[in-house]
file coords39.cif (mmCIF, C-alpha atoms)
data_input
loop_
_atom_site.group_PDB
_atom_site.id
_atom_site.type_symbol
_atom_site.label_atom_id
_atom_site.label_comp_id
_atom_site.auth_asym_id
_atom_site.auth_seq_id
_atom_site.Cartn_x
_atom_site.Cartn_y
_atom_site.Cartn_z
ATOM 1 C CA ARG L 230 234.540 194.026 139.174
ATOM 2 C CA LEU L 231 236.946 196.900 139.611
ATOM 3 C CA LEU L 232 236.178 198.444 136.218
ATOM 4 C CA ALA L 233 232.437 198.134 136.807
ATOM 5 C CA GLY L 234 232.864 200.183 139.955
ATOM 6 C CA MET L 235 235.009 202.848 138.273
ATOM 7 C CA THR L 236 232.771 203.978 135.403
ATOM 8 C CA ASP L 237 229.117 204.279 134.509
ATOM 9 C CA GLY L 238 229.930 204.599 130.820
ATOM 10 C CA THR L 239 230.049 208.400 130.725
ATOM 11 C CA GLN L 240 233.834 208.586 131.115
ATOM 12 C CA ASN L 241 236.796 206.539 129.928
ATOM 13 C CA GLU L 242 238.635 204.207 132.277
ATOM 14 C CA ALA L 243 241.379 201.680 131.578
ATOM 15 C CA ILE L 244 242.809 198.855 133.662
ATOM 16 C CA SER L 245 244.793 195.693 133.070
ATOM 17 C CA PRO L 246 243.135 193.009 135.229
ATOM 18 C CA LEU L 247 245.960 190.532 134.586
ATOM 19 C CA SER L 248 248.701 192.982 135.515
ATOM 20 C CA LEU L 249 246.767 194.038 138.613
ATOM 21 C CA GLN L 250 246.288 190.411 139.684
ATOM 22 C CA MET L 251 250.013 189.794 139.262
ATOM 23 C CA ALA L 252 250.965 192.861 141.299
ATOM 24 C CA LEU L 253 248.486 192.082 144.083
ATOM 25 C CA SER L 254 249.644 188.454 144.188
ATOM 26 C CA LEU L 255 253.180 189.685 144.937
ATOM 27 C CA ALA L 256 251.861 191.703 147.861
ATOM 28 C CA ARG L 257 249.593 188.883 149.029
ATOM 29 C CA GLU L 258 252.454 186.389 149.113
ATOM 30 C CA GLY L 259 254.359 188.636 151.499
ATOM 31 C CA ALA L 260 251.377 189.457 153.713
ATOM 32 C CA ALA L 261 249.959 187.661 156.749
ATOM 33 C CA GLY L 262 246.890 187.602 158.980
ATOM 34 C CA GLU L 263 243.987 189.907 158.174
ATOM 35 C CA THR L 264 245.895 191.672 155.402
ATOM 36 C CA ARG L 265 246.488 188.371 153.591
ATOM 37 C CA ALA L 266 242.842 187.351 154.034
ATOM 38 C CA GLU L 267 241.736 190.691 152.604
ATOM 39 C CA LEU L 268 243.949 190.273 149.541
ATOM 40 C CA ASP L 269 242.742 186.677 149.107
ATOM 41 C CA ALA L 270 239.156 187.944 149.001
ATOM 42 C CA LEU L 271 240.096 190.634 146.488
ATOM 43 C CA LEU L 272 241.800 188.036 144.286
ATOM 44 C CA ALA L 273 238.639 185.878 144.330
ATOM 45 C CA GLY L 274 240.202 183.030 146.325
ATOM 46 C CA ASP L 275 240.405 179.736 144.477
ATOM 47 C CA GLU L 276 239.112 181.240 141.223
ATOM 48 C CA ILE L 277 242.556 182.720 140.540
ATOM 49 C CA ASN L 278 245.623 180.493 140.342
ATOM 50 C CA LEU L 279 248.019 182.385 142.597
ATOM 51 C CA GLU L 280 250.840 179.929 141.959
ATOM 52 C CA ALA L 281 250.626 180.598 138.231
ATOM 53 C CA LEU L 282 250.517 184.345 138.842
ATOM 54 C CA LEU L 283 253.630 184.251 141.010
ATOM 55 C CA ALA L 284 255.491 182.393 138.245
ATOM 56 C CA ASN L 285 254.065 184.722 135.604
ATOM 57 C CA ALA L 286 257.221 185.855 133.863
ATOM 58 C CA ARG L 287 257.965 182.464 132.348
ATOM 59 C CA TYR L 288 254.862 181.397 130.423
ATOM 60 C CA ALA L 289 254.144 184.229 127.973
ATOM 61 C CA ASP L 290 255.264 182.051 125.061
ATOM 62 C CA SER L 291 252.414 179.603 125.740
ATOM 63 C CA TYR L 292 250.074 181.964 123.866
ATOM 64 C CA ALA L 293 251.945 181.610 120.571
ATOM 65 C CA TRP L 294 250.728 179.280 117.840
ATOM 66 C CA GLU L 295 253.118 176.400 117.248
ATOM 67 C CA GLY L 296 255.405 177.272 114.351
ATOM 68 C CA ALA L 297 254.148 180.867 114.135
ATOM 69 C CA ASP L 298 256.493 183.467 112.691
ATOM 70 C CA ALA L 299 257.863 185.968 115.171
ATOM 71 C CA VAL L 300 256.067 188.916 113.545
ATOM 72 C CA ALA L 301 255.991 190.848 116.825
ATOM 73 C CA PRO L 302 257.359 190.512 120.342
ATOM 74 C CA GLY L 303 253.845 189.638 121.494
ATOM 75 C CA LEU L 304 252.915 189.406 125.152
ATOM 76 C CA GLN L 305 255.613 190.371 127.625
ATOM 77 C CA TYR L 306 255.448 190.750 131.364
ATOM 78 C CA ALA L 307 257.776 190.667 134.316
ATOM 79 C CA ASN L 308 257.981 191.458 138.034
ATOM 80 C CA ALA L 309 260.558 193.438 139.952
ATOM 81 C CA ALA L 310 261.125 194.399 143.567
ATOM 82 C CA PHE L 311 263.111 197.450 144.599
ATOM 83 C CA VAL L 312 264.338 197.208 148.203
ATOM 84 C CA ALA L 313 265.409 200.166 150.358
ATOM 85 C CA PRO L 314 268.871 200.071 151.985
ATOM 86 C CA GLY L 315 268.874 198.308 155.336
ATOM 87 C CA VAL L 316 265.699 196.324 154.627
ATOM 88 C CA GLU L 317 266.134 192.536 154.717
ATOM 89 C CA ILE L 318 263.765 190.374 152.664
ATOM 90 C CA LEU L 319 263.074 186.851 153.908
ATOM 91 C CA PRO L 320 264.753 184.281 151.618
ATOM 92 C CA GLU L 321 261.606 182.116 151.558
ATOM 93 C CA TYR L 322 259.604 185.048 150.172
ATOM 94 C CA LYS L 323 262.150 185.607 147.422
ATOM 95 C CA ALA L 324 262.038 181.895 146.587
ATOM 96 C CA ARG L 325 258.255 181.942 146.120
ATOM 97 C CA VAL L 326 258.120 185.060 143.961
ATOM 98 C CA ASP L 327 259.345 185.196 140.374
ATOM 99 C CA ALA L 328 260.835 188.684 140.375
ATOM 100 C CA GLU L 329 264.072 190.550 139.747
ATOM 101 C CA TRP L 330 265.501 192.208 142.855
ATOM 102 C CA PHE L 331 267.161 195.622 142.864
ATOM 103 C CA PRO L 332 268.254 198.229 145.414
ATOM 104 C CA LEU L 333 265.862 201.136 145.767
ATOM 105 C CA ASP L 334 267.277 204.608 145.268
ATOM 106 C CA GLU L 335 265.621 208.022 145.237
ATOM 107 C CA ASP L 336 265.402 208.275 141.434
ATOM 108 C CA VAL L 337 262.296 206.607 139.979
ATOM 109 C CA GLU L 338 264.023 206.587 136.596
ATOM 110 C CA THR L 339 265.653 203.320 137.703
ATOM 111 C CA ILE L 340 262.197 201.728 137.885
ATOM 112 C CA ASN L 341 261.064 203.372 134.634
ATOM 113 C CA ALA L 342 264.160 202.093 132.821
ATOM 114 C CA TRP L 343 263.392 198.560 134.003
ATOM 115 C CA ALA L 344 259.804 198.870 132.717
ATOM 116 C CA ARG L 345 260.979 200.109 129.310
ATOM 117 C CA GLU L 346 263.463 197.247 129.015
ATOM 118 C CA ASN L 347 260.810 194.633 129.784
ATOM 119 C CA THR L 348 258.098 196.030 127.480
ATOM 120 C CA ASN L 349 260.142 196.997 124.403
ATOM 121 C CA SER L 350 259.681 200.644 125.454
ATOM 122 C CA LEU L 351 255.892 200.423 125.138
ATOM 123 C CA ILE L 352 255.667 201.521 128.778
ATOM 124 C CA ASP L 353 257.819 204.633 128.967
ATOM 125 C CA ASN L 354 257.219 206.106 132.411
ATOM 126 C CA LEU L 355 255.701 203.732 134.934
ATOM 127 C CA LEU L 356 256.190 206.280 137.732
ATOM 128 C CA GLU L 357 256.228 210.045 137.390
ATOM 129 C CA ASN L 358 256.469 211.169 141.008
ATOM 130 C CA PRO L 359 259.118 210.251 143.599
ATOM 131 C CA LEU L 360 258.232 207.473 146.015
ATOM 132 C CA PRO L 361 257.513 208.423 149.651
ATOM 133 C CA PRO L 362 260.822 208.686 151.576
ATOM 134 C CA ASP L 363 259.781 205.932 154.009
ATOM 135 C CA THR L 364 259.218 203.361 151.228
ATOM 136 C CA ALA L 365 260.805 200.043 152.250
ATOM 137 C CA LEU L 366 259.821 197.895 149.279
ATOM 138 C CA CYS L 367 258.390 198.772 145.853
ATOM 139 C CA LEU L 368 256.795 195.854 143.964
ATOM 140 C CA VAL L 369 256.411 196.444 140.231
ATOM 141 C CA ASN L 370 254.667 194.563 137.444
ATOM 142 C CA ALA L 371 254.992 195.512 133.777
ATOM 143 C CA LEU L 372 252.852 193.986 131.030
ATOM 144 C CA SER L 373 252.652 194.813 127.332
ATOM 145 C CA LEU L 374 251.258 193.351 124.126
ATOM 146 C CA GLU L 375 252.566 194.168 120.674
ATOM 147 C CA ALA L 376 250.847 192.306 117.860
ATOM 148 C CA LYS L 377 249.268 192.693 114.435
ATOM 149 C CA TRP L 378 245.651 191.997 113.570
ATOM 150 C CA GLU L 379 245.061 188.652 111.901
ATOM 151 C CA GLN L 380 242.480 190.430 109.725
ATOM 152 C CA GLN L 381 244.191 193.623 108.571
ATOM 153 C CA PHE L 382 242.288 196.897 108.220
ATOM 154 C CA LEU L 383 243.216 198.452 104.874
ATOM 155 C CA GLU L 384 244.161 202.127 104.935
ATOM 156 C CA GLU L 385 242.088 202.844 101.821
ATOM 157 C CA ASP L 386 238.964 201.618 103.627
ATOM 158 C CA THR L 387 239.325 204.160 106.452
ATOM 159 C CA TYR L 388 236.580 206.800 106.459
ATOM 160 C CA SER L 389 235.366 209.723 108.580
ATOM 161 C CA GLY L 390 232.070 209.415 110.420
ATOM 162 C CA ALA L 391 230.100 210.345 113.509
ATOM 163 C CA PHE L 392 231.094 208.803 116.821
ATOM 164 C CA PHE L 393 228.471 209.092 119.545
ATOM 165 C CA ALA L 394 230.352 209.930 122.742
ATOM 166 C CA PRO L 395 228.670 210.585 126.127
ATOM 167 C CA GLU L 396 229.239 214.317 125.720
ATOM 168 C CA GLY L 397 227.727 214.320 122.235
ATOM 169 C CA GLU L 398 228.449 213.503 118.612
ATOM 170 C CA THR L 399 232.023 213.948 117.386
ATOM 171 C CA GLU L 400 233.889 213.285 114.135
ATOM 172 C CA ALA L 401 236.244 210.298 114.064
ATOM 173 C CA ASP L 402 238.221 208.153 111.625
ATOM 174 C CA PHE L 403 236.831 204.629 111.329
ATOM 175 C CA MET L 404 238.657 201.484 110.265
ATOM 176 C CA TYR L 405 236.452 199.228 108.168
ATOM 177 C CA ALA L 406 236.492 195.565 107.171
ATOM 178 C CA GLU L 407 234.056 193.006 105.791
ATOM 179 C CA SER L 408 234.996 189.493 106.841
ATOM 180 C CA ASP L 409 233.967 186.386 108.799
ATOM 181 C CA PHE L 410 234.474 187.477 112.398
ATOM 182 C CA LEU L 411 233.389 185.727 115.560
ATOM 183 C CA TYR L 412 230.237 187.759 116.344
ATOM 184 C CA GLY L 413 227.309 187.737 118.737
ATOM 185 C CA GLU L 414 224.559 189.778 120.343
ATOM 186 C CA ARG L 415 223.168 189.680 123.877
ATOM 187 C CA ASP L 416 221.378 191.991 126.294
ATOM 188 C CA GLY L 417 221.260 194.768 123.716
ATOM 189 C CA ALA L 418 225.039 194.631 123.088
ATOM 190 C CA GLN L 419 226.983 193.654 119.965
ATOM 191 C CA LEU L 420 230.131 191.542 120.441
ATOM 192 C CA VAL L 421 232.996 190.921 118.043
ATOM 193 C CA CYS L 422 236.310 189.077 118.400
ATOM 194 C CA LEU L 423 239.436 190.392 116.656
ATOM 195 C CA PRO L 424 242.239 187.791 116.823
ATOM 196 C CA TYR L 425 245.900 188.772 116.711
ATOM 197 C CA GLU L 426 248.319 187.224 114.234
ATOM 198 C CA GLY L 427 250.423 184.291 115.387
ATOM 199 C CA THR L 428 248.847 183.955 118.828
ATOM 200 C CA THR L 429 245.805 182.595 120.628
ATOM 201 C CA LEU L 430 245.173 186.068 122.069
ATOM 202 C CA ALA L 431 242.417 188.314 120.734
ATOM 203 C CA MET L 432 240.642 191.593 121.425
ATOM 204 C CA TYR L 433 236.954 191.312 122.322
ATOM 205 C CA VAL L 434 234.929 194.456 121.626
ATOM 206 C CA ILE L 435 231.585 195.076 123.337
ATOM 207 C CA LEU L 436 229.251 197.750 121.932
ATOM 208 C CA PRO L 437 226.327 198.147 124.363
ATOM 209 C CA GLU L 438 223.121 199.950 123.555
ATOM 210 C CA VAL L 439 222.758 203.543 124.780
ATOM 211 C CA GLY L 440 223.173 203.566 128.561
ATOM 212 C CA GLY L 441 224.110 199.885 128.611
ATOM 213 C CA VAL L 442 227.746 200.110 129.740
ATOM 214 C CA PRO L 443 227.092 199.425 133.475
ATOM 215 C CA ALA L 444 224.951 196.355 132.703
ATOM 216 C CA ALA L 445 227.584 194.988 130.298
ATOM 217 C CA LEU L 446 230.410 195.468 132.823
ATOM 218 C CA GLU L 447 228.387 193.875 135.631
ATOM 219 C CA ALA L 448 227.585 190.862 133.428
ATOM 220 C CA LEU L 449 231.241 190.572 132.395
ATOM 221 C CA ALA L 450 232.366 190.697 136.036
ATOM 222 C CA ARG L 451 229.795 188.065 136.961
ATOM 223 C CA GLU L 452 230.350 185.651 134.050
ATOM 224 C CA GLY L 453 233.980 186.158 133.032
ATOM 225 C CA THR L 454 234.856 184.773 129.605
ATOM 226 C CA ALA L 455 231.553 182.868 129.561
ATOM 227 C CA TYR L 456 230.030 186.247 128.688
ATOM 228 C CA PHE L 457 231.172 185.592 125.095
ATOM 229 C CA ALA L 458 230.040 181.947 124.904
ATOM 230 C CA ALA L 459 227.157 182.515 122.476
ATOM 231 C CA MET L 460 229.314 184.056 119.714
ATOM 232 C CA ASN L 461 229.529 182.354 116.310
ATOM 233 C CA TYR L 462 231.456 182.881 113.107
ATOM 234 C CA ASP L 463 229.512 185.080 110.687
ATOM 235 C CA SER L 464 230.726 185.794 107.142
ATOM 236 C CA GLU L 465 228.514 188.882 106.834
ATOM 237 C CA VAL L 466 230.088 191.099 109.480
ATOM 238 C CA HIS L 467 230.575 194.709 108.364
ATOM 239 C CA LEU L 468 232.903 196.047 111.056
ATOM 240 C CA SER L 469 233.482 199.760 111.652
ATOM 241 C CA LEU L 470 235.895 200.482 114.480
ATOM 242 C CA PRO L 471 236.994 204.010 115.412
ATOM 243 C CA LYS L 472 240.725 204.616 115.578
ATOM 244 C CA PHE L 473 241.646 205.217 119.187
ATOM 245 C CA SER L 474 244.556 205.737 121.521
ATOM 246 C CA LEU L 475 244.056 205.209 125.236
ATOM 247 C CA SER L 476 246.331 205.978 128.150
ATOM 248 C CA TYR L 477 245.745 206.097 131.887
ATOM 249 C CA GLY L 478 247.966 207.583 134.540
ATOM 250 C CA GLY L 479 245.787 207.697 137.614
ATOM 251 C CA SER L 480 245.614 205.693 140.825
ATOM 252 C CA LEU L 481 243.453 202.622 141.396
ATOM 253 C CA MET L 482 243.471 203.056 145.182
ATOM 254 C CA ASP L 483 239.930 204.425 145.493
ATOM 255 C CA GLY L 484 238.582 201.615 143.320
ATOM 256 C CA LEU L 485 240.457 198.954 145.286
ATOM 257 C CA LYS L 486 239.207 200.372 148.588
ATOM 258 C CA ALA L 487 235.652 200.180 147.269
ATOM 259 C CA GLN L 488 236.281 196.492 146.498
ATOM 260 C CA GLY L 489 237.305 195.800 150.097
ATOM 261 C CA MET L 490 241.049 196.492 150.158
ATOM 262 C CA GLN L 491 241.130 198.495 153.403
ATOM 263 C CA ILE L 492 243.903 197.240 155.678
ATOM 264 C CA ALA L 493 246.553 197.040 152.945
ATOM 265 C CA THR L 494 245.859 200.643 151.903
ATOM 266 C CA GLY L 495 245.900 202.008 155.427
ATOM 267 C CA ALA L 496 242.239 203.017 155.136
#

call {"tool": "encode", "arguments": {"input": "coords39.cif", "output": "structure tokens"}}
result
Amino acid sequence: RLLAGMTDGTQNEAISPLSLQMALSLAREGAAGETRAELDALLAGDEINLEALLANARYADSYAWEGADAVAPGLQYANAAFVAPGVEILPEYKARVDAEWFPLDEDVETINAWARENTNSLIDNLLENPLPPDTALCLVNALSLEAKWEQQFLEEDTYSGAFFAPEGETEADFMYAESDFLYGERDGAQLVCLPYEGTTLAMYVILPEVGGVPAALEALAREGTAYFAAMNYDSEVHLSLPKFSLSYGGSLMDGLKAQGMQIATGA
């Protein structure tokens, strides 16, 4: 829902719904009254297992295939709380939240170092700017995935071609593979599933028709993983995927406010 409200398909946006749910669940567990009700509504109430989210740092290994080789660190995530001097945290809150607890100092490098340690340095700088001087508690979630494709893209099959971006056609390098992928089509969009090696996790790619990004995001927000239910294995898939690198360093506050998070943001 958040992503659908952040882009109309003419600009890039990136979020981690799982990481965001984990971070908001930490705040929700320490909130009360109208603020807690607001966060409950944002987290979709009973549709999200808050208990599982609060215990998140201990079940990453459940995504690994039994007996799989440790070819990559895989999915890693953890929570931390940095507490300002003189601030006392209720013991019952600490008991309900699976997080590491640290003193908060003025240097955000302490938080960045923790994020690097818990993501094999995939997340380098979680925070760039100093925290406001009146910060009492900083709740942090870090999530990363490092894995290889189950179906490798061969370097010799890479080729240059036209990529049709919103601002016009541009040249890009494309990875290419012919294989039996999980594939489907719906509402003018093409869908393909790219599993990772040694895990039940996979990347799902949606290629909407021209102008179809908003409709695809709205359907995904409405249906969840059922959006991909009609996909089937097809041995005739010719897959061209542009090489890409994506990073995002902005704030999600405006998007969260638009989704109803008003009291907790001071709006």

call {"tool": "atom_distance", "arguments": {"input": "coords39.cif", "atom1": "atom CA of Phe457 of chain L", "atom2": "atom CA of Thr236 of chain L"}}
result
21.1 Å

call {"tool": "residues_around", "arguments": {"input": "coords39.cif", "residues": "Ser350 of chain L", "least_positions_apart": "4", "cutoff": "12 Å", "atoms": "all atoms listed in the file", "output": "number ranges by chain"}}
result
L: 302, 305, 341-346, 354-355, 371-375

call {"tool": "atom_distance", "arguments": {"input": "coords39.cif", "atom1": "atom CA of Leu485 of chain L", "atom2": "atom CA of Pro395 of chain L"}}
result
25.3 Å

call {"tool": "resolve_selection", "arguments": {"input": "coords39.cif", "expression": "the PyMOL selection byres ((chain L and resi 463) around 7)", "output": "ChimeraX atom specification"}}
result
/L:409-412,461-462,464-466

call {"tool": "closest_atom_pairs", "arguments": {"input": "coords39.cif", "of": "segment 233-271 of chain L", "to": "segment 313-330 of chain L", "cutoff": "12 Å", "atoms": "all atoms listed in the file", "output": "CSV"}}
result
residue,atom,partner,partner_atom,distance
L:Met251,CA,L:Asp327,CA,10.5
L:Ala252,CA,L:Ala328,CA,10.8
L:Leu253,CA,L:Val326,CA,11.9
L:Ser254,CA,L:Val326,CA,9.1
L:Leu255,CA,L:Val326,CA,6.8
L:Ala256,CA,L:Val326,CA,9.9
L:Arg257,CA,L:Val326,CA,10.6
L:Glu258,CA,L:Tyr322,CA,7.4
L:Gly259,CA,L:Tyr322,CA,6.5
L:Ala260,CA,L:Tyr322,CA,10.0
L:Ala261,CA,L:Tyr322,CA,12.0

call {"tool": "closest_residue", "arguments": {"input": "coords39.cif", "among": "L:Gly413, L:Gly397, L:Tyr477, L:Pro424", "to": "Leu356 of chain L", "atoms": "only C-alpha atoms"}}
result
L:Tyr477

call {"tool": "resolve_selection", "arguments": {"input": "coords39.cif", "expression": "the PyMOL selection byres ((chain L and resi 385) around 12)", "output": "PyMOL selection string"}}
result
chain L and resi 381-384+386-389+402-406

call {"tool": "atom_distance", "arguments": {"input": "coords39.cif", "atom1": "atom CA of Glu267 of chain L", "atom2": "atom CA of Met490 of chain L"}}
result
6.3 Å

call {"tool": "resolve_selection", "arguments": {"input": "coords39.cif", "expression": "the PyMOL selection byres ((chain L and resi 311) around 7)", "output": "ChimeraX atom specification"}}
result
/L:309-310,312-313,330-333,366-368

call {"tool": "closest_residue", "arguments": {"input": "coords39.cif", "among": "L:Ala273, L:Leu304, L:Leu449, L:Leu436", "to": "Ala418 of chain L", "atoms": "all atoms listed in the file"}}
result
L:Leu436

call {"tool": "build_atoms", "arguments": {"input": "coords39.cif", "residues": "segment 427-437 of chain L", "atoms": "all heavy atoms", "output": "short mmCIF file (atom, residue, chain, number, x, y, z; two decimals), in the coordinates of the input"}}
result
data_model
loop_
_atom_site.label_atom_id
_atom_site.label_comp_id
_atom_site.auth_asym_id
_atom_site.auth_seq_id
_atom_site.Cartn_x
_atom_site.Cartn_y
_atom_site.Cartn_z
N GLY L 427 249.38 185.12 114.80
CA GLY L 427 250.42 184.29 115.39
C GLY L 427 250.26 183.98 116.85
O GLY L 427 251.21 183.56 117.51
N THR L 428 249.06 184.17 117.41
CA THR L 428 248.85 183.96 118.83
C THR L 428 247.41 183.54 119.08
O THR L 428 246.53 183.73 118.23
CB THR L 428 249.16 185.24 119.63
OG1 THR L 428 248.86 185.02 121.00
CG2 THR L 428 248.36 186.41 119.12
N THR L 429 247.17 182.94 120.24
CA THR L 429 245.80 182.60 120.63
C THR L 429 245.08 183.78 121.26
O THR L 429 243.90 183.68 121.59
CB THR L 429 245.81 181.43 121.63
OG1 THR L 429 246.56 181.82 122.79
CG2 THR L 429 246.44 180.19 121.02
N LEU L 430 245.77 184.90 121.45
CA LEU L 430 245.17 186.07 122.07
C LEU L 430 244.31 186.84 121.07
O LEU L 430 244.54 186.80 119.86
CB LEU L 430 246.25 187.00 122.61
CG LEU L 430 247.09 186.44 123.77
CD1 LEU L 430 248.29 187.34 124.03
CD2 LEU L 430 246.24 186.29 125.02
N ALA L 431 243.33 187.55 121.59
CA ALA L 431 242.42 188.31 120.73
C ALA L 431 241.85 189.49 121.52
O ALA L 431 241.86 189.50 122.76
CB ALA L 431 241.28 187.43 120.23
N MET L 432 241.37 190.49 120.81
CA MET L 432 240.64 191.59 121.42
C MET L 432 239.15 191.33 121.26
O MET L 432 238.68 191.04 120.16
CB MET L 432 240.99 192.94 120.78
CG MET L 432 240.13 194.10 121.29
SD MET L 432 240.42 195.66 120.44
CE MET L 432 241.95 196.16 121.22
N TYR L 433 238.41 191.42 122.36
CA TYR L 433 236.95 191.31 122.32
C TYR L 433 236.37 192.71 122.52
O TYR L 433 236.69 193.39 123.50
CB TYR L 433 236.44 190.37 123.41
CG TYR L 433 236.66 188.91 123.11
CD1 TYR L 433 237.90 188.32 123.34
CD2 TYR L 433 235.63 188.12 122.59
CE1 TYR L 433 238.11 186.98 123.05
CE2 TYR L 433 235.83 186.78 122.32
CZ TYR L 433 237.08 186.21 122.55
OH TYR L 433 237.28 184.88 122.27
N VAL L 434 235.54 193.13 121.58
CA VAL L 434 234.93 194.46 121.63
C VAL L 434 233.45 194.30 121.96
O VAL L 434 232.75 193.49 121.34
CB VAL L 434 235.09 195.20 120.28
CG1 VAL L 434 234.42 196.56 120.35
CG2 VAL L 434 236.57 195.35 119.94
N ILE L 435 232.99 195.07 122.95
CA ILE L 435 231.58 195.08 123.34
C ILE L 435 231.02 196.45 123.02
O ILE L 435 231.55 197.47 123.47
CB ILE L 435 231.40 194.80 124.85
CG1 ILE L 435 232.09 193.49 125.23
CG2 ILE L 435 229.93 194.76 125.22
CD1 ILE L 435 232.14 193.26 126.74
N LEU L 436 229.95 196.49 122.23
CA LEU L 436 229.25 197.75 121.93
C LEU L 436 227.85 197.67 122.53
O LEU L 436 226.94 197.12 121.91
CB LEU L 436 229.18 197.99 120.42
CG LEU L 436 228.43 199.25 119.99
CD1 LEU L 436 229.11 200.51 120.53
CD2 LEU L 436 228.32 199.33 118.47
N PRO L 437 227.65 198.21 123.74
CA PRO L 437 226.33 198.15 124.36
C PRO L 437 225.38 199.15 123.72
O PRO L 437 225.80 200.09 123.03
CB PRO L 437 226.60 198.53 125.83
CG PRO L 437 228.09 198.54 125.98
CD PRO L 437 228.63 198.82 124.62
#
